[in-house]
Structures are given as C-alpha cells and as structure tokens.
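Data block below; observations after.
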Amino acid sequence: MRKEYSKLNRMEMSIWECCELLNEVVDDSDPDLDEPQIQHLLQSAEAIRKDYPDEDWLHLTALIHDLGKVLLLPKFGGLPQWAVVGDTFPLGCAFDEANIHHKYFKENPDCNNPAYNTKNGIYSDGCGLDNVTISWGHDDYMYLVAKENGTTLPSAGLFIIRYHSLYPLHKEEAYMHLLNDEDKENLKWLRIFNKYDLYSKSKVLVDVEKVKPYYLSLIEKYFPSKLKW
C-alpha cells in the first residue's frame, strides 16, 4: 500500500480543497457525531487554538490530521473502512495485548513466526518509530502526502499526523521501548492533541466562513498551494 500510494498520482489539490472533499467521507469507526468531517476538523482545531494560541502549527495539524480518510473515496481507490480508519499497530514484533481486539491477532500468521513474535521482533530498543512499520491507514497516507509535498510543519506535527491512531502507544503505553528521544518528546504533543481529537466534538457547529481565512493563512505558511495526492 505504501509503495502504491507513494506515487502520489491520484490528484492535485490544495489542503483546503481536501478539507471540503472530506465532507463526502463517513467514518464508521467514529463514535461521536454525524456531522460532516470538516466540522470535526475545525472543532478540534478551534479548541486547541483557544488553549494554545501561540502554537499555530498545532492548530493546522488538528485541521489536517484526518485528511487521509479520502482513501475511502472511489477516486482514491475506495479502500474498505478497515484499511483506512480504526486503531493502528506495529508490525514485525509481538502484538501487544494493548491492541484492541487482541484475541483476534492469534489468527495472524505473524504470531507463529519466530522472527516477529518476540517483544522486539525485527527491531531493537530505542530504534525510533521512523524505523518501525505500522499498519496502513489514513494516518500514514496523510503523513506521506505532507512529507513528500515539502511541508514545513515541525516534527511534532508530522508525528501527530502519523501516529494519532496508534492508541496502544499513546493511550496504553505499549511499545514504548521502541521510541527514541525525539519520539518521546513528540509523544507529549500527541497526548495533548488527543484530548482535543476525541472530546472536542460538540453540537455547536463552527462557522466555517468565519474561521476559513485564518486556516488558509496557516496552510499558506506551512504548505505549497497545490499538493500531489
């Protein structure tokens, strides 16, 4: 999947165009609301903006963190829900019990592969998440898009985009032995972000046209005007 989607040959569009496109997406795993996705993005971003007014990169990260869900749309391959949303987990080492529905992992042949079924598997302590293969989903796709299109977001922003669905790590503290020092610093920001990602969704809708100029200015600061997707 990474090889296929790293071609970035599906479409050219701006970040804001993708935000609007995301309104066509329904995430079956989202427990919160039936509102359009752009409302969730803006609710998260506005809540963070209120509490962390000086961290504009974090406001933008909140806005774009779920844009990879466009993978569900036909023009992006129409991937099934299970391949796009839901929790992610590392591959190539033992499946930690913190992984949701852990009991079903025993049917994965990797569980019986001695190269993969130990705590470290093919990795070493402190190797860094950059060197760990995580299950494919919308996180990794948006990270790929941002990185390959030359975003100037700080590493903490890219870390949030890439690992916000890695709940075994940031919620249960599994796989901590694989993190390097930079990961540990970035994890602090991911935990801050996660509070807003899960709990900022409300019935009070954000006035999109009112806040749009602010977010367009951030997009211009951190991204090119058109991106390859």
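Here, A, B, ... name the chains of the structure tokens in the order displayed, residue numbers run from 1 inside each chain, and ligands are numbered from 1 in the same displayed order.
For Ser124 of chain A, the residues within 10 Å (counting only C-alpha atoms, excluding itself and residues fewer than 6 positions away along the chain) are Asn131, Val132, His177, Leu178 and Leu179 of chain A.
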Which polymer residues have any atom within 9 Å of an atom of Asp139 of chain A, counting only C-alpha atoms, with same-chain residues fewer than 5 positions away left out, as JSON, numbers by chain? {"A": [65, 66, 67, 68, 69, 84, 85, 88, 144, 160, 161, 162, 163, 164, 165]}
Okay, now the selection with all heavy atoms, as a short mmCIF file (atom, residue, chain, number, x, y, z; two decimals), in the first residue's frame?
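Result file part_5.cif:
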```cif
data_model
loop_
_atom_site.label_atom_id
_atom_site.label_comp_id
_atom_site.auth_asym_id
_atom_site.auth_seq_id
_atom_site.Cartn_x
_atom_site.Cartn_y
_atom_site.Cartn_z
N HIS A 65 -5.28 16.52 10.27
CA HIS A 65 -4.82 15.20 10.73
C HIS A 65 -5.61 14.04 10.14
O HIS A 65 -5.09 12.94 9.99
CB HIS A 65 -4.84 15.12 12.26
CG HIS A 65 -6.20 14.97 12.88
ND1 HIS A 65 -7.07 16.02 13.02
CD2 HIS A 65 -6.85 13.88 13.36
CE1 HIS A 65 -8.20 15.59 13.59
NE2 HIS A 65 -8.09 14.30 13.80
N ASP A 66 -6.87 14.27 9.78
CA ASP A 66 -7.70 13.18 9.26
C ASP A 66 -7.91 13.22 7.75
O ASP A 66 -8.72 12.45 7.22
CB ASP A 66 -9.08 13.20 9.94
CG ASP A 66 -9.13 12.38 11.22
OD1 ASP A 66 -8.18 11.61 11.47
OD2 ASP A 66 -10.11 12.50 11.98
N LEU A 67 -7.20 14.08 7.04
CA LEU A 67 -7.44 14.20 5.61
C LEU A 67 -7.15 12.91 4.84
O LEU A 67 -7.69 12.70 3.75
CB LEU A 67 -6.62 15.36 5.01
CG LEU A 67 -7.00 16.78 5.47
CD1 LEU A 67 -6.23 17.81 4.66
CD2 LEU A 67 -8.51 17.02 5.33
N GLY A 68 -6.33 12.05 5.42
CA GLY A 68 -6.04 10.77 4.78
C GLY A 68 -7.26 9.88 4.60
O GLY A 68 -7.23 8.90 3.86
N LYS A 69 -8.36 10.23 5.28
CA LYS A 69 -9.59 9.42 5.14
C LYS A 69 -10.18 9.50 3.73
O LYS A 69 -11.09 8.75 3.41
CB LYS A 69 -10.63 9.86 6.18
CG LYS A 69 -10.25 9.46 7.60
CD LYS A 69 -11.32 9.89 8.59
CE LYS A 69 -10.91 9.55 10.02
NZ LYS A 69 -11.93 9.99 11.00
N VAL A 84 -8.54 1.80 6.41
CA VAL A 84 -8.34 3.26 6.42
C VAL A 84 -8.46 3.85 7.83
O VAL A 84 -7.66 4.67 8.24
CB VAL A 84 -9.37 3.95 5.49
CG1 VAL A 84 -9.20 5.47 5.53
CG2 VAL A 84 -9.23 3.45 4.06
N VAL A 85 -9.49 3.43 8.57
CA VAL A 85 -9.76 4.02 9.89
C VAL A 85 -9.58 2.97 11.00
O VAL A 85 -9.29 1.82 10.72
CB VAL A 85 -11.17 4.64 9.95
CG1 VAL A 85 -11.30 5.75 8.91
CG2 VAL A 85 -12.25 3.59 9.72
N THR A 88 -4.26 1.72 14.77
CA THR A 88 -3.11 1.14 14.07
C THR A 88 -2.21 0.43 15.08
O THR A 88 -2.36 0.60 16.30
CB THR A 88 -2.32 2.21 13.31
OG1 THR A 88 -1.93 3.25 14.22
CG2 THR A 88 -3.16 2.81 12.19
N LEU A 144 2.54 10.79 4.53
CA LEU A 144 3.24 10.64 3.25
C LEU A 144 3.00 11.86 2.36
O LEU A 144 3.94 12.44 1.79
CB LEU A 144 2.71 9.38 2.57
CG LEU A 144 3.44 8.79 1.39
CD1 LEU A 144 4.75 8.19 1.83
CD2 LEU A 144 2.58 7.72 0.72
N ILE A 160 2.17 13.67 15.06
CA ILE A 160 0.74 13.60 15.40
C ILE A 160 -0.05 13.04 14.23
O ILE A 160 -0.91 12.16 14.40
CB ILE A 160 0.22 15.00 15.81
CG1 ILE A 160 0.77 15.39 17.17
CG2 ILE A 160 -1.32 15.02 15.82
CD1 ILE A 160 0.54 16.86 17.53
N ILE A 161 0.22 13.55 13.03
CA ILE A 161 -0.50 13.07 11.85
C ILE A 161 -0.26 11.57 11.65
O ILE A 161 -1.19 10.80 11.40
CB ILE A 161 -0.04 13.84 10.59
CG1 ILE A 161 -0.50 15.31 10.68
CG2 ILE A 161 -0.57 13.18 9.32
CD1 ILE A 161 0.16 16.22 9.66
N ARG A 162 0.98 11.15 11.83
CA ARG A 162 1.37 9.77 11.51
C ARG A 162 0.93 8.74 12.55
O ARG A 162 0.70 7.57 12.22
CB ARG A 162 2.89 9.71 11.35
CG ARG A 162 3.39 8.46 10.66
CD ARG A 162 4.89 8.53 10.50
NE ARG A 162 5.39 7.49 9.62
CZ ARG A 162 6.68 7.26 9.37
NH1 ARG A 162 7.59 8.03 9.93
NH2 ARG A 162 7.05 6.29 8.57
N TYR A 163 0.80 9.18 13.81
CA TYR A 163 0.58 8.20 14.88
C TYR A 163 -0.66 8.47 15.73
O TYR A 163 -0.82 7.85 16.78
CB TYR A 163 1.82 8.12 15.78
CG TYR A 163 3.07 7.75 15.04
CD1 TYR A 163 4.15 8.64 14.96
CD2 TYR A 163 3.19 6.53 14.38
CE1 TYR A 163 5.31 8.31 14.25
CE2 TYR A 163 4.34 6.18 13.68
CZ TYR A 163 5.39 7.09 13.62
OH TYR A 163 6.53 6.75 12.92
N HIS A 164 -1.57 9.34 15.30
CA HIS A 164 -2.71 9.65 16.18
C HIS A 164 -3.67 8.47 16.35
O HIS A 164 -4.44 8.43 17.30
CB HIS A 164 -3.45 10.91 15.72
CG HIS A 164 -4.17 10.80 14.43
ND1 HIS A 164 -3.58 11.08 13.21
CD2 HIS A 164 -5.45 10.44 14.13
CE1 HIS A 164 -4.46 10.90 12.24
NE2 HIS A 164 -5.60 10.52 12.77
N SER A 165 -3.60 7.47 15.45
CA SER A 165 -4.44 6.28 15.62
C SER A 165 -3.69 5.13 16.31
O SER A 165 -4.24 4.05 16.48
CB SER A 165 -4.95 5.78 14.26
OG SER A 165 -5.76 6.76 13.63
#
```
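Closest to Met176 of chain A among A:Lys75, A:Lys228, A:Lys119, A:His40 is A:Lys119, based on only C-alpha atoms.
Closest approach to Tyr141 of chain A among A:Leu227, A:Pro109, A:Val70, A:Asn194: A:Val70, based on only C-alpha atoms.
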Rounded to one decimal place, report the atom CA of Phe223 of chain A-atom CA of Thr151 of chain A distance in Å.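 So the answer is 5.0 Å.
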Which neighbours of Leu158 of chain A fall inside 8 Å, counting only C-alpha atoms, when residues of the same chain fewer than 5 positions from it are skipped, and could you give them as a short mmCIF file (atom, residue, chain, number, x, y, z; two decimals) with N, CA and C atoms, in the first residue's frame?
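And here is the file that came out, selection05.cif:
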```cif
data_model
loop_
_atom_site.label_atom_id
_atom_site.label_comp_id
_atom_site.auth_asym_id
_atom_site.auth_seq_id
_atom_site.Cartn_x
_atom_site.Cartn_y
_atom_site.Cartn_z
N THR A 61 -2.23 21.32 12.31
CA THR A 61 -2.14 19.86 12.42
C THR A 61 -3.51 19.26 12.75
N TYR A 143 0.54 11.54 6.33
CA TYR A 143 1.95 11.81 6.63
C TYR A 143 2.78 11.80 5.35
N ALA A 146 2.00 14.92 3.24
CA ALA A 146 2.61 16.13 3.82
C ALA A 146 4.12 16.15 3.59
N LYS A 147 4.77 15.03 3.92
CA LYS A 147 6.22 14.96 3.83
C LYS A 147 6.71 15.10 2.39
N LEU A 153 5.88 21.92 8.51
CA LEU A 153 5.41 21.63 9.87
C LEU A 153 6.54 21.03 10.69
#
```
Within 8 Å of segment 89-94 of chain A, counting only C-alpha atoms, which residues qualify if same-chain residues fewer than 5 places away don't, as number ranges by chain? A: 99, 110-111, 115-123, 132-135, 166, 168
How would the residues just picked look written out with N, CA, C and O atoms as an mmCIF file, in the first residue's frame?
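Result went into out_38.cif, see below:
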```
data_model
loop_
_atom_site.group_PDB
_atom_site.id
_atom_site.type_symbol
_atom_site.label_atom_id
_atom_site.label_comp_id
_atom_site.auth_asym_id
_atom_site.auth_seq_id
_atom_site.Cartn_x
_atom_site.Cartn_y
_atom_site.Cartn_z
ATOM 1 N N ASN A 99 -3.368 -3.858 22.122
ATOM 2 C CA ASN A 99 -4.067 -3.690 20.846
ATOM 3 C C ASN A 99 -5.535 -4.087 21.015
ATOM 4 O O ASN A 99 -5.839 -5.130 21.595
ATOM 5 N N ASP A 110 1.753 -14.066 11.626
ATOM 6 C CA ASP A 110 2.954 -13.484 12.234
ATOM 7 C C ASP A 110 3.130 -13.933 13.675
ATOM 8 O O ASP A 110 4.253 -13.943 14.202
ATOM 9 N N CYS A 111 2.019 -14.283 14.345
ATOM 10 C CA CYS A 111 2.097 -14.726 15.745
ATOM 11 C C CYS A 111 2.932 -15.997 15.888
ATOM 12 O O CYS A 111 3.485 -16.270 16.958
ATOM 13 N N ALA A 115 10.565 -14.856 13.936
ATOM 14 C CA ALA A 115 11.235 -13.582 13.624
ATOM 15 C C ALA A 115 10.405 -12.393 14.109
ATOM 16 O O ALA A 115 10.934 -11.312 14.364
ATOM 17 N N TYR A 116 9.086 -12.607 14.225
ATOM 18 C CA TYR A 116 8.177 -11.499 14.513
ATOM 19 C C TYR A 116 7.480 -11.573 15.874
ATOM 20 O O TYR A 116 6.852 -10.601 16.281
ATOM 21 N N ASN A 117 7.529 -12.706 16.561
ATOM 22 C CA ASN A 117 6.663 -12.861 17.729
ATOM 23 C C ASN A 117 7.336 -12.620 19.076
ATOM 24 O O ASN A 117 6.807 -12.990 20.121
ATOM 25 N N THR A 118 8.509 -11.976 19.055
ATOM 26 C CA THR A 118 9.142 -11.579 20.322
ATOM 27 C C THR A 118 8.892 -10.096 20.564
ATOM 28 O O THR A 118 8.423 -9.387 19.669
ATOM 29 N N LYS A 119 9.201 -9.644 21.752
ATOM 30 C CA LYS A 119 8.920 -8.244 22.118
ATOM 31 C C LYS A 119 9.531 -7.260 21.112
ATOM 32 O O LYS A 119 8.872 -6.325 20.658
ATOM 33 N N ASN A 120 10.789 -7.461 20.756
ATOM 34 C CA ASN A 120 11.443 -6.563 19.795
ATOM 35 C C ASN A 120 11.257 -7.004 18.352
ATOM 36 O O ASN A 120 11.293 -6.172 17.439
ATOM 37 N N GLY A 121 11.082 -8.303 18.132
ATOM 38 C CA GLY A 121 10.948 -8.799 16.760
ATOM 39 C C GLY A 121 12.139 -8.391 15.915
ATOM 40 O O GLY A 121 13.286 -8.651 16.279
ATOM 41 N N ILE A 122 11.878 -7.706 14.807
ATOM 42 C CA ILE A 122 12.955 -7.308 13.894
ATOM 43 C C ILE A 122 13.594 -5.974 14.293
ATOM 44 O O ILE A 122 14.464 -5.468 13.596
ATOM 45 N N TYR A 123 13.144 -5.412 15.429
ATOM 46 C CA TYR A 123 13.627 -4.092 15.856
ATOM 47 C C TYR A 123 14.569 -4.200 17.058
ATOM 48 O O TYR A 123 14.819 -5.281 17.569
ATOM 49 N N VAL A 132 10.026 1.739 12.352
ATOM 50 C CA VAL A 132 9.046 0.687 12.655
ATOM 51 C C VAL A 132 7.914 0.744 11.625
ATOM 52 O O VAL A 132 7.401 1.826 11.330
ATOM 53 N N THR A 133 7.545 -0.397 11.080
ATOM 54 C CA THR A 133 6.419 -0.455 10.142
ATOM 55 C C THR A 133 5.118 -0.530 10.928
ATOM 56 O O THR A 133 4.938 -1.422 11.760
ATOM 57 N N ILE A 134 4.231 0.420 10.670
ATOM 58 C CA ILE A 134 2.924 0.468 11.330
ATOM 59 C C ILE A 134 1.858 0.056 10.317
ATOM 60 O O ILE A 134 2.004 0.304 9.115
ATOM 61 N N SER A 135 0.795 -0.569 10.780
ATOM 62 C CA SER A 135 -0.283 -0.973 9.865
ATOM 63 C C SER A 135 -0.780 0.237 9.071
ATOM 64 O O SER A 135 -0.848 1.349 9.575
ATOM 65 N N LEU A 166 -2.451 5.380 16.707
ATOM 66 C CA LEU A 166 -1.647 4.345 17.374
ATOM 67 C C LEU A 166 -1.974 4.343 18.880
ATOM 68 O O LEU A 166 -1.143 4.628 19.722
ATOM 69 N N PRO A 168 -2.511 1.984 21.099
ATOM 70 C CA PRO A 168 -1.760 1.159 22.058
ATOM 71 C C PRO A 168 -0.561 1.906 22.641
ATOM 72 O O PRO A 168 -0.210 1.718 23.802
#
```
Calculate how many Å separate atom CA of Ser155 of chain A from atom CA of Asp183 of chain A, rounding to one decimal.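 So the two atoms, atom CA of Ser155 of chain A and atom CA of Asp183 of chain A, lie 9.3 Å apart.
For the pair atom CA of Ala156 of chain A and atom CA of His101 of chain A, the separation is 28.7 Å.
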Excluding same-chain residues fewer than 2 positions from segment 205-212 of chain A, what lies within 12 Å of it counting only C-alpha atoms, as a CSV table (one decimal) with all heavy atoms, in the first residue's frame?
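Generated file (around.csv):
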```
chain,number,residue,atom,x,y,z
A,15,ILE,N,-4.8,21.9,0.3
A,15,ILE,CA,-5.2,21.4,1.6
A,15,ILE,C,-6.7,21.7,1.8
A,15,ILE,O,-7.5,20.8,2.3
A,15,ILE,CB,-4.3,21.9,2.7
A,15,ILE,CG1,-2.9,21.4,2.7
A,15,ILE,CG2,-5.0,21.6,4.1
A,15,ILE,CD1,-2.7,20.0,3.1
A,16,TRP,N,-7.1,23.0,1.6
A,16,TRP,CA,-8.5,23.3,1.9
A,16,TRP,C,-9.5,22.6,1.0
A,16,TRP,O,-10.5,22.2,1.4
A,16,TRP,CB,-8.7,24.8,1.7
A,16,TRP,CG,-10.0,25.2,2.3
A,16,TRP,CD1,-11.2,25.4,1.5
A,16,TRP,CD2,-10.4,25.4,3.6
A,16,TRP,NE1,-12.2,25.7,2.4
A,16,TRP,CE2,-11.8,25.7,3.7
A,16,TRP,CE3,-9.7,25.3,4.8
A,16,TRP,CZ2,-12.5,25.9,4.9
A,16,TRP,CZ3,-10.4,25.6,6.0
A,16,TRP,CH2,-11.7,25.8,6.0
A,17,GLU,N,-9.1,22.4,-0.3
A,17,GLU,CA,-9.9,21.6,-1.2
A,17,GLU,C,-10.1,20.2,-0.6
A,17,GLU,O,-11.2,19.6,-0.7
A,17,GLU,CB,-9.3,21.5,-2.6
A,17,GLU,CG,-9.5,22.8,-3.4
A,17,GLU,CD,-8.7,22.8,-4.7
A,17,GLU,OE1,-7.6,22.2,-4.7
A,17,GLU,OE2,-9.1,23.4,-5.6
A,19,CYS,N,-10.0,19.4,2.6
A,19,CYS,CA,-10.9,19.5,3.7
A,19,CYS,C,-12.4,19.4,3.3
A,19,CYS,O,-13.2,18.8,3.9
A,19,CYS,CB,-10.7,20.8,4.4
A,19,CYS,SG,-9.1,21.0,5.3
A,20,GLU,N,-12.7,20.1,2.2
A,20,GLU,CA,-14.0,20.1,1.6
A,20,GLU,C,-14.4,18.8,1.1
A,20,GLU,O,-15.5,18.3,1.2
A,20,GLU,CB,-14.2,21.2,0.6
A,20,GLU,CG,-14.1,22.6,1.2
A,20,GLU,CD,-14.2,23.8,0.2
A,20,GLU,OE1,-13.8,23.5,-1.0
A,20,GLU,OE2,-14.6,24.9,0.6
A,33,LEU,N,-20.1,11.8,16.3
A,33,LEU,CA,-21.2,12.6,15.7
A,33,LEU,C,-21.5,12.3,14.3
A,33,LEU,O,-20.7,11.7,13.6
A,33,LEU,CB,-20.8,14.1,15.8
A,33,LEU,CG,-21.0,14.8,17.2
A,33,LEU,CD1,-20.6,16.2,17.0
A,33,LEU,CD2,-22.4,14.7,17.7
A,34,ASP,N,-22.6,12.7,13.9
A,34,ASP,CA,-23.0,12.5,12.5
A,34,ASP,C,-22.7,13.8,11.6
A,34,ASP,O,-23.2,13.9,10.5
A,34,ASP,CB,-24.5,12.2,12.3
A,34,ASP,CG,-24.8,10.9,13.1
A,34,ASP,OD1,-24.0,10.0,13.1
A,34,ASP,OD2,-25.9,10.9,13.7
A,35,GLU,N,-22.0,14.7,12.2
A,35,GLU,CA,-21.7,16.0,11.5
A,35,GLU,C,-20.7,15.7,10.4
A,35,GLU,O,-19.9,14.7,10.4
A,35,GLU,CB,-21.1,17.0,12.4
A,35,GLU,CG,-22.0,17.4,13.6
A,35,GLU,CD,-23.3,18.0,13.2
A,35,GLU,OE1,-23.4,18.4,12.0
A,35,GLU,OE2,-24.2,18.1,14.0
A,36,PRO,N,-20.6,16.6,9.4
A,36,PRO,CA,-19.6,16.5,8.3
A,36,PRO,C,-18.2,16.5,8.9
A,36,PRO,O,-18.0,17.1,10.0
A,36,PRO,CB,-19.8,17.7,7.5
A,36,PRO,CG,-21.2,18.2,7.7
A,36,PRO,CD,-21.5,17.7,9.2
A,37,GLN,N,-17.3,15.8,8.3
A,37,GLN,CA,-15.9,15.7,8.8
A,37,GLN,C,-15.3,17.0,9.0
A,37,GLN,O,-14.5,17.2,9.9
A,37,GLN,CB,-15.1,14.8,7.8
A,37,GLN,CG,-15.4,13.4,7.8
A,37,GLN,CD,-14.9,12.6,9.0
A,37,GLN,OE1,-13.8,12.9,9.6
A,37,GLN,NE2,-15.6,11.6,9.5
A,38,ILE,N,-15.5,18.0,8.1
A,38,ILE,CA,-14.9,19.3,8.3
A,38,ILE,C,-15.3,20.0,9.6
A,38,ILE,O,-14.5,20.7,10.2
A,38,ILE,CB,-15.2,20.2,7.1
A,38,ILE,CG1,-14.2,21.4,7.0
A,38,ILE,CG2,-16.6,20.8,7.1
A,38,ILE,CD1,-14.2,22.2,5.7
A,39,GLN,N,-16.4,19.6,10.1
A,39,GLN,CA,-16.8,20.2,11.4
A,39,GLN,C,-15.9,19.6,12.5
A,39,GLN,O,-15.5,20.3,13.4
A,39,GLN,CB,-18.3,19.9,11.7
A,39,GLN,CG,-19.2,20.9,11.1
A,39,GLN,CD,-19.0,22.3,11.6
A,39,GLN,OE1,-18.7,22.5,12.8
A,39,GLN,NE2,-19.2,23.3,10.8
A,40,HIS,N,-15.7,18.3,12.5
A,40,HIS,CA,-14.8,17.7,13.4
A,40,HIS,C,-13.4,18.3,13.4
A,40,HIS,O,-12.8,18.6,14.4
A,40,HIS,CB,-14.7,16.2,13.2
A,40,HIS,CG,-13.5,15.5,13.9
A,40,HIS,ND1,-13.2,15.8,15.2
A,40,HIS,CD2,-12.6,14.7,13.4
A,40,HIS,CE1,-12.1,15.1,15.5
A,40,HIS,NE2,-11.7,14.4,14.5
A,41,LEU,N,-12.9,18.5,12.2
A,41,LEU,CA,-11.5,19.1,12.0
A,41,LEU,C,-11.5,20.4,12.6
A,41,LEU,O,-10.6,20.8,13.4
A,41,LEU,CB,-11.2,19.1,10.5
A,41,LEU,CG,-11.2,17.8,9.7
A,41,LEU,CD1,-10.8,18.1,8.3
A,41,LEU,CD2,-10.2,16.8,10.3
A,42,LEU,N,-12.5,21.3,12.3
A,42,LEU,CA,-12.5,22.6,12.8
A,42,LEU,C,-12.8,22.7,14.3
A,42,LEU,O,-12.2,23.6,15.0
A,42,LEU,CB,-13.5,23.5,12.0
A,42,LEU,CG,-13.0,23.8,10.6
A,42,LEU,CD1,-14.2,24.4,9.8
A,42,LEU,CD2,-11.9,24.8,10.6
A,43,GLN,N,-13.6,21.8,14.8
A,43,GLN,CA,-13.9,21.8,16.2
A,43,GLN,C,-12.6,21.5,17.0
A,43,GLN,O,-12.3,22.1,18.0
A,43,GLN,CB,-15.0,20.8,16.6
A,43,GLN,CG,-16.4,21.3,16.2
A,43,GLN,CD,-17.4,20.3,16.3
A,43,GLN,OE1,-17.1,19.1,16.3
A,43,GLN,NE2,-18.7,20.7,16.2
A,44,SER,N,-11.9,20.5,16.5
A,44,SER,CA,-10.6,20.1,17.2
A,44,SER,C,-9.6,21.3,17.1
A,44,SER,O,-9.0,21.7,18.1
A,44,SER,CB,-9.9,18.9,16.5
A,44,SER,OG,-10.8,17.8,16.6
A,45,ALA,N,-9.5,21.9,15.9
A,45,ALA,CA,-8.5,22.9,15.7
A,45,ALA,C,-8.9,24.2,16.5
A,45,ALA,O,-8.0,24.8,17.2
A,45,ALA,CB,-8.5,23.3,14.2
A,46,GLU,N,-10.1,24.5,16.6
A,46,GLU,CA,-10.5,25.7,17.3
A,46,GLU,C,-10.4,25.5,18.8
A,46,GLU,O,-10.0,26.5,19.6
A,46,GLU,CB,-12.0,26.1,17.0
A,46,GLU,CG,-12.2,26.7,15.6
A,46,GLU,CD,-11.5,28.1,15.6
A,46,GLU,OE1,-12.1,29.1,16.1
A,46,GLU,OE2,-10.4,28.2,15.0
A,47,ALA,N,-10.6,24.3,19.3
A,47,ALA,CA,-10.5,24.0,20.7
A,47,ALA,C,-9.0,24.2,21.1
A,47,ALA,O,-8.6,24.7,22.2
A,47,ALA,CB,-11.0,22.6,21.1
A,49,ARG,N,-6.7,25.9,19.4
A,49,ARG,CA,-6.4,27.3,19.2
A,49,ARG,C,-6.7,28.2,20.5
A,49,ARG,O,-5.9,29.1,20.8
A,49,ARG,CB,-7.1,27.8,18.0
A,49,ARG,CG,-6.8,29.3,17.6
A,49,ARG,CD,-7.6,29.6,16.4
A,49,ARG,NE,-7.5,31.0,16.0
A,49,ARG,CZ,-8.3,31.6,15.1
A,49,ARG,NH1,-9.3,30.9,14.5
A,49,ARG,NH2,-8.2,32.9,14.8
A,59,HIS,N,-2.6,24.1,15.5
A,59,HIS,CA,-3.9,24.4,15.0
A,59,HIS,C,-4.1,23.8,13.6
A,59,HIS,O,-5.1,23.1,13.3
A,59,HIS,CB,-4.2,25.9,14.9
A,59,HIS,CG,-3.8,26.7,16.1
A,59,HIS,ND1,-3.6,28.1,16.0
A,59,HIS,CD2,-3.5,26.3,17.4
A,59,HIS,CE1,-3.2,28.5,17.2
A,59,HIS,NE2,-3.2,27.5,18.0
A,60,LEU,N,-3.1,23.9,12.8
A,60,LEU,CA,-3.1,23.4,11.4
A,60,LEU,C,-3.1,21.9,11.4
A,60,LEU,O,-3.8,21.2,10.7
A,60,LEU,CB,-2.0,24.0,10.6
A,60,LEU,CG,-2.0,23.5,9.1
A,60,LEU,CD1,-3.3,23.9,8.4
A,60,LEU,CD2,-0.8,24.1,8.4
A,63,LEU,N,-6.4,20.6,12.0
A,63,LEU,CA,-7.2,20.7,10.9
A,63,LEU,C,-7.0,19.6,9.8
A,63,LEU,O,-8.0,19.1,9.2
A,63,LEU,CB,-7.0,22.1,10.2
A,63,LEU,CG,-7.8,22.3,8.9
A,63,LEU,CD1,-9.3,22.6,9.3
A,63,LEU,CD2,-7.2,23.5,8.1
A,200,SER,N,-13.5,17.1,21.5
A,200,SER,CA,-13.9,18.4,21.2
A,200,SER,C,-15.1,18.4,20.3
A,200,SER,O,-15.7,19.5,20.0
A,200,SER,CB,-12.7,19.1,20.4
A,200,SER,OG,-12.5,18.4,19.2
A,201,LYS,N,-15.6,17.3,19.9
A,201,LYS,CA,-16.8,17.2,19.0
A,201,LYS,C,-18.0,17.6,19.8
A,201,LYS,O,-18.3,17.0,20.8
A,201,LYS,CB,-16.9,15.8,18.4
A,201,LYS,CG,-15.7,15.4,17.6
A,201,LYS,CD,-15.7,14.0,17.2
A,201,LYS,CE,-14.3,13.5,16.8
A,201,LYS,NZ,-14.2,12.1,16.4
A,202,SER,N,-18.7,18.5,19.3
A,202,SER,CA,-19.9,19.0,20.0
A,202,SER,C,-21.0,19.4,19.0
A,202,SER,O,-20.8,19.4,17.8
A,202,SER,CB,-19.6,20.2,20.9
A,202,SER,OG,-19.4,21.4,20.0
A,203,LYS,N,-22.2,19.7,19.6
A,203,LYS,CA,-23.3,20.0,18.7
A,203,LYS,C,-23.2,21.5,18.2
A,203,LYS,O,-23.9,21.9,17.4
A,203,LYS,CB,-24.6,19.9,19.5
A,203,LYS,CG,-25.0,18.4,19.7
A,203,LYS,CD,-25.4,17.7,18.4
A,203,LYS,CE,-25.8,16.3,18.7
A,203,LYS,NZ,-26.0,15.5,17.4
A,214,TYR,N,-8.2,32.4,8.6
A,214,TYR,CA,-7.1,32.1,9.5
A,214,TYR,C,-6.5,30.8,9.1
A,214,TYR,O,-5.2,30.7,9.0
A,214,TYR,CB,-7.6,32.0,10.9
A,214,TYR,CG,-6.6,31.5,11.9
A,214,TYR,CD1,-5.5,32.3,12.2
A,214,TYR,CD2,-6.6,30.2,12.4
A,214,TYR,CE1,-4.5,31.9,13.0
A,214,TYR,CE2,-5.6,29.8,13.3
A,214,TYR,CZ,-4.5,30.6,13.6
A,214,TYR,OH,-3.5,30.2,14.4
A,215,TYR,N,-7.2,29.8,8.8
A,215,TYR,CA,-6.6,28.5,8.4
A,215,TYR,C,-6.0,28.5,7.0
A,215,TYR,O,-5.0,27.9,6.8
A,215,TYR,CB,-7.7,27.4,8.6
A,215,TYR,CG,-8.0,27.1,10.0
A,215,TYR,CD1,-9.1,27.7,10.6
A,215,TYR,CD2,-7.1,26.5,10.8
A,215,TYR,CE1,-9.3,27.5,12.0
A,215,TYR,CE2,-7.3,26.3,12.2
A,215,TYR,CZ,-8.4,26.8,12.8
A,215,TYR,OH,-8.6,26.6,14.1
A,216,LEU,N,-6.5,29.3,6.1
A,216,LEU,CA,-5.9,29.5,4.8
A,216,LEU,C,-4.5,30.1,5.0
A,216,LEU,O,-3.6,29.8,4.3
A,216,LEU,CB,-6.8,30.3,3.9
A,216,LEU,CG,-8.0,29.7,3.3
A,216,LEU,CD1,-8.8,30.6,2.5
A,216,LEU,CD2,-7.7,28.4,2.5
A,217,SER,N,-4.4,31.0,5.9
A,217,SER,CA,-3.1,31.7,6.2
A,217,SER,C,-2.1,30.7,6.7
A,217,SER,O,-0.9,30.7,6.4
A,217,SER,CB,-3.2,32.9,7.1
A,217,SER,OG,-3.4,32.5,8.4
A,218,LEU,N,-2.5,29.7,7.5
A,218,LEU,CA,-1.6,28.7,8.1
A,218,LEU,C,-1.2,27.7,7.0
A,218,LEU,O,-0.1,27.3,6.9
A,218,LEU,CB,-2.3,27.9,9.2
A,218,LEU,CG,-2.7,28.7,10.5
A,218,LEU,CD1,-3.2,27.8,11.6
A,218,LEU,CD2,-1.5,29.6,11.0
A,219,ILE,N,-2.2,27.4,6.2
A,219,ILE,CA,-1.9,26.5,5.0
A,219,ILE,C,-0.8,27.1,4.1
A,219,ILE,O,0.1,26.4,3.7
A,219,ILE,CB,-3.2,26.1,4.2
A,219,ILE,CG1,-4.1,25.3,5.1
A,219,ILE,CG2,-2.9,25.4,2.9
A,219,ILE,CD1,-5.6,25.2,4.5
```
Using only C-alpha atoms, can you tell me which of A:Lys50, A:Lys3, A:Arg10, A:Lys103 comes closest to Pro74 of chain A?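 Ranked by minimum distance to Pro74 of chain A, first place goes to A:Arg10.
Minimum atom-to-atom distance to Glu148 of chain A, evaluated using only C-alpha atoms, belongs to A:Leu8 out of A:Leu8, A:Leu169, A:Val204, A:Leu129.
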Segment 34-64 of chain A: which residues are alpha helix (DSSP H) by DSSP, as a list in words?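 Everything in segment 34-64 of chain A that counts as alpha helix (DSSP H) is Gln37, Ile38, Gln39, His40, Leu41, Leu42, Gln43, Ser44, Ala45, Glu46, Ala47, Ile48, Arg49, Lys50, Asp51, Asp56, Trp57, Leu58, His59, Leu60, Thr61, Ala62, Leu63 and Ile64 of chain A.
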Of the candidates A:Ile64, A:Leu79, A:Leu190, A:Val25, which one gets nearest to Val145 of chain A if we count only C-alpha atoms? A:Ile64
